[in-house]
Amino acid sequence: AEQARETARRAEAPDESALVEYGHATCTLGMDVAYLGDLDRGLELLTESSAVARRAGRLDDLMRAAANRTTLLDLDSRREEALDVAHAFLEDAVAGGLTVSYGALLHINAADILFQLGRWEEAEAEVRSASDWFATSTRWWPHLVLGLILTESRADREAASEVGQGVLSLETVPAGQWTATKLRAVVSLALWSGDPAGALAAAEREWPRALETEELGIISWSASTCAEAAAAAAEHGRSANDAGLIARARALVERVVREARDAIDRSSFGPELGARHEAELALKTARAHAGRVNGEADPTTWSSLAQAWGERQMPYREAKARWWQALAVLASAPEGDRESARVEAQVPLAEAYRLARRLGARPLLRAVVDLGKRARVTLPSSVEEADVVAVGPGQPEAVAVGPGTGGSASPDIARAIDEQVIASLRKAPADAYGLSPREREVLDILAEGRTDRDIAARLFISERTVHVHVRRILAKLGVSSRTEAAGVAIRQGLVPEGCLLYTSPSPRDHSRYRVCRLLRVRGGGGGGGGGGG
């Protein structure tokens with residue numbers, strides 16, 4: 001590359017071919033220099049390459065330099081600058097008739113940047129506007145990116161369809177820059193749909209492919225995703241007494257953390273680069289999930305991670321870290337100190353809600369509010385009855401947000417979400433038995449066939465308190481056994497329809513769910529069965 005640049009530089013009046021070679025060499029050299037550690041110099045060379053391409057009238061070369069500049073800026077976490085470059089050169093792509101090649105790529109780059117920045121409505125619009133620009137052979141790319149955006153914003157049927165189309169199209173495509181996006185979309189869809197075992201299986205399958213790329217960002221983000229899947233699977237395994245699932249989760253997370261650490265250590269990226277800093281944060285997140293796998297969640301670790309992701313202007317990762325911080329506070333509280341734990345969990349849980357609501361992240365919003373309800377954590381008055389509608393590919397559609405059907409919530413749309421959901425909450429099945437709200441929650445879990453220990457863990461109360469609630473429930477329902485109580489709850493519609501998130505029902509639960517649906521239809525009752533939480 002240096003030799004080519006010198007040849008062109010020494011020519012007194014370089015012809016077009018020499019100028020083109022000079023531009024190519026400068027562009028290649030810029031990427032090499034950046035990846036060897038001098039990112040600022042690499043960006044200077046790419047700017048020079050853009051100028052040469054304009055001078056030579058080579059639009060294709062101009063687009064190549066633009067795409068490389070967005071890549072390097074994003075590598076240094078300078079996402080706003082990268083976004084400006086993508087949008088500026090999009091005009092050149094459209095004017096020059098390169099929409100199907102570089103124009104489509106720049107749109108996807110912009111969508112990814114907007115998603116990381118938490119501007120989901122704009123990200124979705126970016127992908128949808130470019131979906132027709134892609135050639136048939138690369139149509140999987142917009143499917144995958146749109147699928148991820150829709151999965152994290154509402155995890156509905158369209159999200160499942162987009163992810164599925166993207167994944168099927170990639171079956172024969174080697175691992176590449178899309179590997180981490182594919183893994184994230186598949187795992188998130190499985191988790192929000194209540195299938196942590198499926199999320200774990202996807203993580204086990206895709207982790208070796210992430211390592212094949214030898215790319216710092218792909219490996220670190222994939223490590224965080226795999227560890228999150230393992231943590232959810234292990235927690236479900238403990239709830240369902242599935243030792244095999246727990247063992248698989250532990251084996252995966254130990255491997256992922258070890259191999260990701262080795263890959264990061266081998267990277268030529270210096271600590272001054274944003275990509276290296278974010279890779280270290282992703283690895284710390286993976287290690288925090290490893291603590292969850294082993295039942296040792298640390299609130300302090302999640303608090304520091306939330307702060308760090310916030311400083312990197314990555315609000316979704318910050319919101320999820322705050323959620324896990326609140327969960328860790330509640331799960332690690334001594335039995336005699338539940339009240340102080342609720343007070344401590346209130347701040348991170350309220351912050352998780354605020355961020356999720358601003359993003360339009362309904363699945364996370366649902367999980368945050370569900371945790372608050374189960375743990376009796378008081379959220380601000382404006383969110384006490386917030387977005388708790390069921391989500392997932394098999395669930396009813398939530399209120400639409402943004403252009404199309406998803407995206408981040410504007411203030412007006414956010415209010416509409418709250419109003420619609422609060423109205424739906426007030427349409428709870430009639431209860432003629434005088435059950436208290438807490439007794440209703442205990443009955444919901446009891447109807448899943450769970451033990452008193454399971455109920456205590458789910459609601460962050462003692463088993464002794466559960467015994468008291470169960471005794472009162474049996475008396476109010478006029479039955480003598482837990483099985484009879486579950487039957488009455490199902491037939492009378494006392495069990496709410498919908499799913500709790502991040503937990504997969506066991507095979508027994510799936511059967512119970514089908515039976516509940518059948519009883520509801522035949523008996524004319526008002527409720528169905530839900531999955532585990």
# chains A, B, ... in the order shown; residues from 1 in each chain; ligands from 1

call {"tool": "residues_around", "arguments": {"residues": "A:Arg287", "least_positions_apart": "4", "cutoff": "9 Å", "atoms": "only C-alpha atoms", "output": "list in words"}}
result
Ser224, Ala227, Val253, Val257, Ala282, Leu283, Gly291 and Arg292 of chain A

call {"tool": "closest_atom_pairs", "arguments": {"of": "stretch 353-376 of chain A", "to": "stretch 312-321 of chain A", "cutoff": "10 Å", "atoms": "only C-alpha atoms", "output": "CSV"}}
result
residue,atom,partner,partner_atom,distance
A:Tyr353,CA,A:Ala319,CA,7.5
A:Arg354,CA,A:Ala319,CA,8.3
A:Leu355,CA,A:Ala319,CA,5.7
A:Ala356,CA,A:Ala319,CA,6.4
A:Arg357,CA,A:Ala319,CA,9.9
A:Arg358,CA,A:Pro315,CA,9.4
A:Leu359,CA,A:Tyr316,CA,7.5
A:Ala361,CA,A:Tyr316,CA,8.3
A:Leu364,CA,A:Lys320,CA,7.5
A:Leu365,CA,A:Ala319,CA,9.6
A:Val368,CA,A:Lys320,CA,9.1

call {"tool": "closest_residue", "arguments": {"among": "A:Ser49, A:Thr26, A:Asn294, A:Thr225", "to": "A:Val256", "atoms": "only C-alpha atoms"}}
result
A:Thr225

call {"tool": "atom_distance", "arguments": {"atom1": "atom CA of A:Ala475", "atom2": "atom CA of A:Ala240"}}
result
28.1 Å

call {"tool": "residues_around", "arguments": {"residues": "A:Ala290", "least_positions_apart": "5", "cutoff": "12 Å", "atoms": "only C-alpha atoms", "output": "VMD selection string"}}
result
chain A and resid 223 to 235 246 249 to 258 283 to 285 295 to 298 301

call {"tool": "write_last_selection", "arguments": {"atoms": "N, CA, C and O atoms", "output": "compact mmCIF listing (two decimals), in the first residue's frame"}}
result
# COMPACT_ATOMS: atom_id res chain seq x y z
N ALA A 223 -19.99 -13.19 23.69
CA ALA A 223 -19.74 -13.76 25.02
C ALA A 223 -20.78 -13.27 26.01
O ALA A 223 -21.32 -14.06 26.82
N SER A 224 -21.10 -11.98 25.96
CA SER A 224 -22.10 -11.43 26.86
C SER A 224 -23.47 -12.07 26.60
O SER A 224 -24.19 -12.43 27.54
N THR A 225 -23.82 -12.23 25.32
CA THR A 225 -25.10 -12.84 24.97
C THR A 225 -25.18 -14.29 25.42
O THR A 225 -26.19 -14.72 25.99
N CYS A 226 -24.11 -15.06 25.18
CA CYS A 226 -24.10 -16.47 25.58
C CYS A 226 -24.21 -16.62 27.09
O CYS A 226 -24.92 -17.50 27.59
N ALA A 227 -23.50 -15.77 27.83
CA ALA A 227 -23.55 -15.85 29.29
C ALA A 227 -24.94 -15.49 29.81
O ALA A 227 -25.42 -16.07 30.79
N GLU A 228 -25.58 -14.53 29.17
CA GLU A 228 -26.94 -14.16 29.56
C GLU A 228 -27.91 -15.33 29.35
O GLU A 228 -28.76 -15.62 30.21
N ALA A 229 -27.76 -16.02 28.22
CA ALA A 229 -28.59 -17.20 27.96
C ALA A 229 -28.33 -18.29 29.00
O ALA A 229 -29.26 -18.93 29.50
N ALA A 230 -27.06 -18.48 29.35
CA ALA A 230 -26.71 -19.50 30.34
C ALA A 230 -27.30 -19.17 31.70
O ALA A 230 -27.78 -20.04 32.42
N ALA A 231 -27.26 -17.88 32.08
CA ALA A 231 -27.79 -17.46 33.38
C ALA A 231 -29.30 -17.71 33.46
O ALA A 231 -29.80 -18.23 34.46
N ALA A 232 -30.02 -17.35 32.41
CA ALA A 232 -31.47 -17.58 32.38
C ALA A 232 -31.78 -19.07 32.45
O ALA A 232 -32.71 -19.50 33.14
N ALA A 233 -30.99 -19.87 31.71
CA ALA A 233 -31.21 -21.32 31.72
C ALA A 233 -30.93 -21.92 33.09
O ALA A 233 -31.67 -22.79 33.57
N ALA A 234 -29.86 -21.47 33.74
CA ALA A 234 -29.52 -22.00 35.06
C ALA A 234 -30.58 -21.64 36.09
O ALA A 234 -30.96 -22.47 36.93
N GLU A 235 -31.07 -20.41 36.02
CA GLU A 235 -32.11 -20.00 36.97
C GLU A 235 -33.39 -20.81 36.75
O GLU A 235 -34.06 -21.21 37.71
N ILE A 246 -28.75 -27.01 34.30
CA ILE A 246 -27.80 -26.22 35.09
C ILE A 246 -26.37 -26.58 34.71
O ILE A 246 -25.51 -25.69 34.54
N ALA A 249 -25.43 -25.07 31.41
CA ALA A 249 -25.24 -23.62 31.53
C ALA A 249 -23.88 -23.31 32.13
O ALA A 249 -23.17 -22.40 31.67
N ARG A 250 -23.50 -24.04 33.16
CA ARG A 250 -22.19 -23.81 33.80
C ARG A 250 -21.05 -24.12 32.85
O ARG A 250 -20.07 -23.38 32.78
N ALA A 251 -21.17 -25.21 32.13
CA ALA A 251 -20.10 -25.59 31.20
C ALA A 251 -19.93 -24.52 30.12
O ALA A 251 -18.80 -24.15 29.77
N LEU A 252 -21.04 -24.02 29.59
CA LEU A 252 -20.95 -23.01 28.53
C LEU A 252 -20.35 -21.71 29.06
O LEU A 252 -19.45 -21.14 28.43
N VAL A 253 -20.83 -21.22 30.19
CA VAL A 253 -20.37 -19.92 30.66
C VAL A 253 -18.89 -19.96 31.05
O VAL A 253 -18.15 -19.00 30.83
N GLU A 254 -18.44 -21.08 31.60
CA GLU A 254 -17.01 -21.19 31.93
C GLU A 254 -16.16 -21.15 30.66
O GLU A 254 -15.13 -20.48 30.62
N ARG A 255 -16.61 -21.85 29.64
CA ARG A 255 -15.88 -21.86 28.37
C ARG A 255 -15.88 -20.48 27.72
O ARG A 255 -14.84 -19.99 27.25
N VAL A 256 -17.05 -19.87 27.68
CA VAL A 256 -17.20 -18.57 27.01
C VAL A 256 -16.32 -17.51 27.68
O VAL A 256 -15.60 -16.77 26.99
N VAL A 257 -16.37 -17.41 28.99
CA VAL A 257 -15.58 -16.39 29.69
C VAL A 257 -14.09 -16.63 29.46
O VAL A 257 -13.32 -15.68 29.21
N ARG A 258 -13.66 -17.88 29.52
CA ARG A 258 -12.24 -18.20 29.34
C ARG A 258 -11.78 -17.87 27.91
O ARG A 258 -10.74 -17.20 27.71
N LEU A 283 -17.16 -8.33 28.53
CA LEU A 283 -16.63 -9.48 29.26
C LEU A 283 -17.00 -9.41 30.74
O LEU A 283 -17.35 -10.43 31.36
N LYS A 284 -16.96 -8.21 31.33
CA LYS A 284 -17.39 -8.07 32.72
C LYS A 284 -18.87 -8.42 32.87
O LYS A 284 -19.28 -9.00 33.87
N THR A 285 -19.66 -8.04 31.86
CA THR A 285 -21.07 -8.41 31.88
C THR A 285 -21.23 -9.92 31.82
O THR A 285 -22.06 -10.50 32.54
N GLY A 295 -25.66 -18.84 41.08
CA GLY A 295 -26.49 -18.38 42.17
C GLY A 295 -25.82 -17.37 43.06
O GLY A 295 -26.13 -17.26 44.25
N GLU A 296 -24.89 -16.58 42.49
CA GLU A 296 -24.11 -15.62 43.27
C GLU A 296 -24.17 -14.23 42.65
O GLU A 296 -23.15 -13.57 42.46
N ALA A 297 -25.36 -13.77 42.31
CA ALA A 297 -25.50 -12.45 41.70
C ALA A 297 -25.06 -11.36 42.67
O ALA A 297 -25.41 -11.39 43.85
N ASP A 298 -24.28 -10.40 42.16
CA ASP A 298 -23.71 -9.34 43.00
C ASP A 298 -24.31 -7.99 42.59
O ASP A 298 -24.03 -7.50 41.50
N THR A 301 -21.71 -5.26 41.43
CA THR A 301 -21.17 -5.46 40.08
C THR A 301 -22.13 -4.93 39.02
O THR A 301 -21.73 -4.22 38.09

call {"tool": "atom_distance", "arguments": {"atom1": "atom CA of A:Gly270", "atom2": "atom CA of A:Trp309"}}
result
19.4 Å

call {"tool": "residues_around", "arguments": {"residues": "A:Asp265", "least_positions_apart": "6", "cutoff": "12 Å", "atoms": "only C-alpha atoms", "output": "count of residues only"}}
result
11

call {"tool": "closest_residue", "arguments": {"among": "A:Trp192, A:Gln307, A:Leu72, A:Ala180", "to": "A:Arg41", "atoms": "only C-alpha atoms"}}
result
A:Leu72

call {"tool": "closest_residue", "arguments": {"among": "A:Ala447, A:Ala155, A:Leu330, A:Ala53", "to": "A:Val488", "atoms": "only C-alpha atoms"}}
result
A:Ala447

call {"tool": "residues_around", "arguments": {"residues": "stretch 83-89 of chain A", "least_positions_apart": "4", "cutoff": "7 Å", "atoms": "only C-alpha atoms", "output": "number ranges by chain"}}
result
A: 66, 70, 79, 93, 106, 110, 113

call {"tool": "residues_around", "arguments": {"residues": "A:Gly42", "least_positions_apart": "2", "cutoff": "9 Å", "atoms": "only C-alpha atoms", "output": "VMD selection string"}}
result
chain A and resid 27 29 to 35 37 to 40 44 to 47 69 72

call {"tool": "closest_residue", "arguments": {"among": "A:Leu90, A:Val479, A:Leu146, A:Leu168", "to": "A:Ala111", "atoms": "only C-alpha atoms"}}
result
A:Leu146

call {"tool": "atom_distance", "arguments": {"atom1": "atom CA of A:Ser131", "atom2": "atom CA of A:Thr151"}}
result
17.4 Å

call {"tool": "closest_residue", "arguments": {"among": "A:Asp337, A:Glu121, A:Glu48, A:Glu80", "to": "A:Asn109", "atoms": "only C-alpha atoms"}}
result
A:Glu80
